[in-house]
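**Student:** Right, I'll just put the structure down here and ask away after.
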Amino acid sequence: MKIELPNQKYKYVTENSQECDSETAFVLTTQNEKYLQNALDNQAHSIIKIRDIASLFGIDKIKIVGITGTNGKTTTASAIYSFLLDLGYKTAMQGTRGLFMNDEVTEGKTLTTPSVLNTYKHIYQAVQAGCEYFIMEVSSHAIVQKRIEGLDFELRILTNITQDHLDYHKTLEDYIYVKNSFFQGEGKKLINKDEPRANFNFKNAFTYGIENPSTYRLMAYSLNDGSSGLIQHFADIIPFTASTHGFFNLYNLMGAIAAVHLITDKKLEAIADVVDNFAGVSGRMEQVCVLPNVIVDFAHTPDGMQQVLNALKEKELIVVFGAGGDRDTSKRPLMGRVAASLAKKVFITTDNPRHEDPESIVKDILDGIKDKSNIVVELNRKRAIELALESQEEDEVVVILGKGDESHQIIYDEKFPFDDREVVREILNLS
């Protein structure tokens with residue numbers, strides 16, 4: 001990807017050594033430094049360190065908010081984005097769902113955190129569009145690979161730390177260390193006080209929580225017809241209502257409300273007034289239909305599954321889920337245990353198997369389930385959803401987990417069209 005920058009000695013910059021030529025400067029990053037010689041061989045105009053061109057992309061002209069955590073990044077980022085727009089600020093958001101600017105989709109889905117030069121390009125676009133804020137999800141991979149190199153964050157947010165990505169980080173301790181490493185500087189940070197694994201530099205640290213004393217604390221809440229609560233911030237006690245469901249979403253809302261309060265000059269009351277306008281995120285606790293009751297969610301970790309299913313614990317649940325191939329295998333039996341303990345019936349199927357044998361993935365899941373009397377294995381995901389719907393009785397809820405609003409299923413290196421929500425609508429003749 002070449003990016004044209006006006007009024008420079010070179011015409012373009014790139015982080016791909018293969019794209020270098022006499023008009024194109026090579027942007028040296030931690031990720032691509034091993035290709036430096038290749039850039040020189042391709043007659044790169046010059047070699048530039050990523051930090052040295054940050055100002056050319058307008059990074060100093062916009063307030064950047066970075067959110068990391070195992071679960072809740074997308075919803076928290078989306079809530080902050082929604083609140084800021086409703087409060088009259090021009091805002092951009094980058095993350096799993098793509099790039100959004102001023103309430104419009106600018107780019108489709110991508111990596112949670114793209115390559116560093118891609119992020120710089122997105123920030124440049126946001127600055128050109130007059131945005132005052134750039135909200136971005138920060139993955140653990142991006143922290144390790146320094147895909148956030150050269151970015152100065154106005155605020156860093158931690159949602160939580162539970163098990164995920166151990167295929168990459170190898171141990172939970174390493175994963176925890178990586179997440180916490182994002183919060184060791186002296187810049188402004190916002191931490192979930194109820195996360196026991198959080199370890200951060202206390203300077204310029206603010207907290208939010210429900211169980212523990214914090215800068216922003218949820219004093220009381222209700223989960224009837226959406227959610228509502230009372231936030232205490234020092235002497236102020238402010239009410240809010242929201243259309244989002246589930247106890248875990250209270251944390252996402254709290255993080256977003258606190259973040260907006262910390263990065264703007266708006267009063268807490270003004271922020272609370274716009275919370276109810278946030279309708280949630282597509283594919284996150286999304287109700288596909290009411291009768292029969294079918295819900296789709298992206299949850300793909302043991303903790304994420306437990307949060308979603310606990311949010312529906314007053315209902316009789318039928319759960320459809322699988323686990324991603326070529327990913328952390330140790331979480332699979334834990335996911336099986338969670339599903340079997342919280343659901344009346346469980347249909348285990350494929351997720352994105354990639355290069356792994358789906359039967360092997362299912363075996364890992366089954367290893368966590370002692371009583372298999374209410375377990376059905378059906379590797380064809382569409383058929384598994386169909387069987388779950390066929391078995392559904394009047395008061396039961398079918399909960400389909402793992403893919404959320406993903407529009408494809410990945411088998412080997414190929415992407416096949418598959419959207420859980422569209423499959424449900426097709427089976428039920430709702431399309």
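Residue numbering restarts at 1 in every chain; chains get A, B, ... in the order shown in the structure tokens, and ligands count up from 1 in that same order.
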Can you list, as number ranges by chain, all residues belonging to segment 120-341 of chain A that DSSP tags as strand (DSSP E)?
**Tutor:** A: 133-137, 153-158, 189-192, 205-209, 216-222, 227-233, 236-242, 286-289, 293-297, 316-321
**Student:** Just the residues within 10 Å of segment 197-204 of chain A, please, counting only C-alpha atoms, with nothing from its chain fewer than 5 positions along; format it as a list of chain:residue names.
**Tutor:**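 Close residues of segment 197-204 of chain A: A:Leu155, A:Leu158, A:Thr159, A:Asn160, A:Ile161, A:Thr162, A:Glu173, A:Ile176, A:Tyr177, A:Lys179, A:Asn180, A:Ser181, A:Phe182, A:Phe183, A:Gln184, A:Gly185, A:Glu186, A:Gly187, A:Lys188, A:Lys189, A:Leu190, A:Ile191, A:Asn192.
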**Student:** Go ahead and save the picked residues with C-alpha atoms, as an mmCIF file, in the first residue's frame.
**Tutor:**
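Once written, out.cif looks like this:
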data_model
loop_
_atom_site.group_PDB
_atom_site.id
_atom_site.type_symbol
_atom_site.label_atom_id
_atom_site.label_comp_id
_atom_site.auth_asym_id
_atom_site.auth_seq_id
_atom_site.Cartn_x
_atom_site.Cartn_y
_atom_site.Cartn_z
ATOM 1 C CA LEU A 155 -6.536 7.979 26.855
ATOM 2 C CA LEU A 158 -8.643 -1.550 29.870
ATOM 3 C CA THR A 159 -11.938 -3.466 29.739
ATOM 4 C CA ASN A 160 -10.867 -6.813 31.230
ATOM 5 C CA ILE A 161 -8.329 -9.642 30.937
ATOM 6 C CA THR A 162 -9.492 -13.242 30.523
ATOM 7 C CA GLU A 173 0.854 -15.016 32.176
ATOM 8 C CA ILE A 176 -1.710 -10.761 30.920
ATOM 9 C CA TYR A 177 1.729 -9.124 30.827
ATOM 10 C CA LYS A 179 -2.215 -6.388 28.033
ATOM 11 C CA ASN A 180 -0.881 -4.625 31.118
ATOM 12 C CA SER A 181 2.187 -3.343 29.266
ATOM 13 C CA PHE A 182 -0.134 -0.900 27.465
ATOM 14 C CA PHE A 183 -0.712 0.901 30.789
ATOM 15 C CA GLN A 184 2.797 1.355 32.171
ATOM 16 C CA GLY A 185 3.365 4.917 30.938
ATOM 17 C CA GLU A 186 2.401 8.141 32.696
ATOM 18 C CA GLY A 187 -0.336 9.124 30.230
ATOM 19 C CA LYS A 188 -4.023 9.219 31.085
ATOM 20 C CA LYS A 189 -5.581 5.778 31.530
ATOM 21 C CA LEU A 190 -8.962 4.329 32.486
ATOM 22 C CA ILE A 191 -8.975 0.920 34.175
ATOM 23 C CA ASN A 192 -11.764 -1.523 35.037
#
**Student:** Pick out the closest residue to Leu56 of chain A from this set: A:Tyr81, A:Phe321, A:Tyr251, A:Tyr120. Count only C-alpha atoms.
**Tutor:** A:Tyr120
**Student:** Apply DSSP to the backbone of this structure and, from segment 166-399 of chain A, keep only the residues in alpha helix (DSSP H); write these as a PyMOL selection string.
**Tutor:** chain A and resi 166-169+172-181+247-263+268-274+302-311+331-342+358-366+381-391
**Student:** So that I can check the surroundings of Ile64 of chain A, please list as a list in words every protein, DNA and RNA residue that reaches within 6 Å of it, counting only C-alpha atoms and ignoring chain neighbours fewer than 6 positions away.
**Tutor:**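 Returned residues: Tyr133, Phe134, Ile135, Phe153 and Glu154 of chain A.
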**Student:** Pull N, CA and C atoms from the residues just selected and write them as a PDB file, in the first residue's frame.
**Tutor:**
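Saved result, selection-v9.pdb, follows:
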ATOM      1  N   TYR A 133     -11.603  13.398  17.324  1.00  0.00           N
ATOM      2  CA  TYR A 133     -11.270  12.193  18.087  1.00  0.00           C
ATOM      3  C   TYR A 133     -11.108  10.994  17.160  1.00  0.00           C
ATOM      4  N   PHE A 134     -10.193  10.103  17.535  1.00  0.00           N
ATOM      5  CA  PHE A 134      -9.975   8.855  16.797  1.00  0.00           C
ATOM      6  C   PHE A 134      -9.994   7.730  17.831  1.00  0.00           C
ATOM      7  N   ILE A 135     -11.045   6.920  17.795  1.00  0.00           N
ATOM      8  CA  ILE A 135     -11.225   5.835  18.755  1.00  0.00           C
ATOM      9  C   ILE A 135     -10.751   4.545  18.095  1.00  0.00           C
ATOM     10  N   PHE A 153      -1.427   8.508  22.778  1.00  0.00           N
ATOM     11  CA  PHE A 153      -2.825   8.317  23.167  1.00  0.00           C
ATOM     12  C   PHE A 153      -3.267   9.363  24.180  1.00  0.00           C
ATOM     13  N   GLU A 154      -4.404   9.964  23.894  1.00  0.00           N
ATOM     14  CA  GLU A 154      -5.033  10.868  24.856  1.00  0.00           C
ATOM     15  C   GLU A 154      -5.532  10.075  26.058  1.00  0.00           C
TER      16      GLU A 154
END
**Student:** Could you tell me how far atom CA of Thr350 of chain A sits from atom CA of Asp413 of chain A, in Å to one decimal place?
**Tutor:**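 Taking atom CA of Asp413 of chain A as the start and atom CA of Thr350 of chain A as the end point, the length is 15.3 Å.
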**Student:** So how far away is atom CA of Leu309 of chain A from atom CA of Asn429 of chain A, in Å?
**Tutor:** 26.3 Å
**Student:** Provide the atom CA of Ala25 of chain A to atom CA of Ile47 of chain A distance in Å, to one decimal place.
**Tutor:**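 Separation between atom CA of Ala25 of chain A and atom CA of Ile47 of chain A: 5.8 Å.
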**Student:** Which residues are near Ala235 of chain A? Cut-off 12 Å, only C-alpha atoms, ignore same chain within fewer than 3 positions. Put them as a list in words.
**Tutor:**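 Once the adjacent positions are removed, what remains is Thr215, Tyr216, Arg217, Ile231, Gln232, Ile238 and Leu268 of chain A.
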**Student:** Of the candidates A:Tyr175, A:Met219, A:Leu253, A:Thr119, which one gets nearest to Ile237 of chain A if we count only C-alpha atoms?
**Tutor:** A:Met219
**Student:** Pick from A:Thr113, A:Thr171, A:Asn277, A:Asn293: nearest to Asp395 of chain A, with only C-alpha atoms counted?
**Tutor:**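 Result for the nearest residue to Asp395 of chain A: A:Asn293.
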**Student:** Which residues, written as a PyMOL selection string, have at least one atom at most 9 Å from Gly58 of chain A, with only C-alpha atoms counted and residues fewer than 5 positions away on the same chain left out?
**Tutor:** chain A and resi 120+123-124+127-128
**Student:** Those residues with C-alpha atoms, as a PDB file, in the first residue's frame please?
**Tutor:**
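Wrote part02.pdb, looks like this:
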ATOM      1  CA  TYR A 120      -1.631   6.361  10.232  1.00  0.00           C
ATOM      2  CA  ILE A 123      -5.853   8.998  11.183  1.00  0.00           C
ATOM      3  CA  TYR A 124      -4.855  11.177   8.217  1.00  0.00           C
ATOM      4  CA  VAL A 127      -8.000  14.683  10.307  1.00  0.00           C
ATOM      5  CA  GLN A 128      -8.897  15.640   6.720  1.00  0.00           C
TER       6      GLN A 128
END
**Student:** Can you pull out every residue within 12 Å of Thr106 of chain A, counting only C-alpha atoms, but drop anything in the same chain fewer than 6 positions away, and send it as a PyMOL selection string?
**Tutor:** chain A and resi 92-95+97-100+122+125-126+129
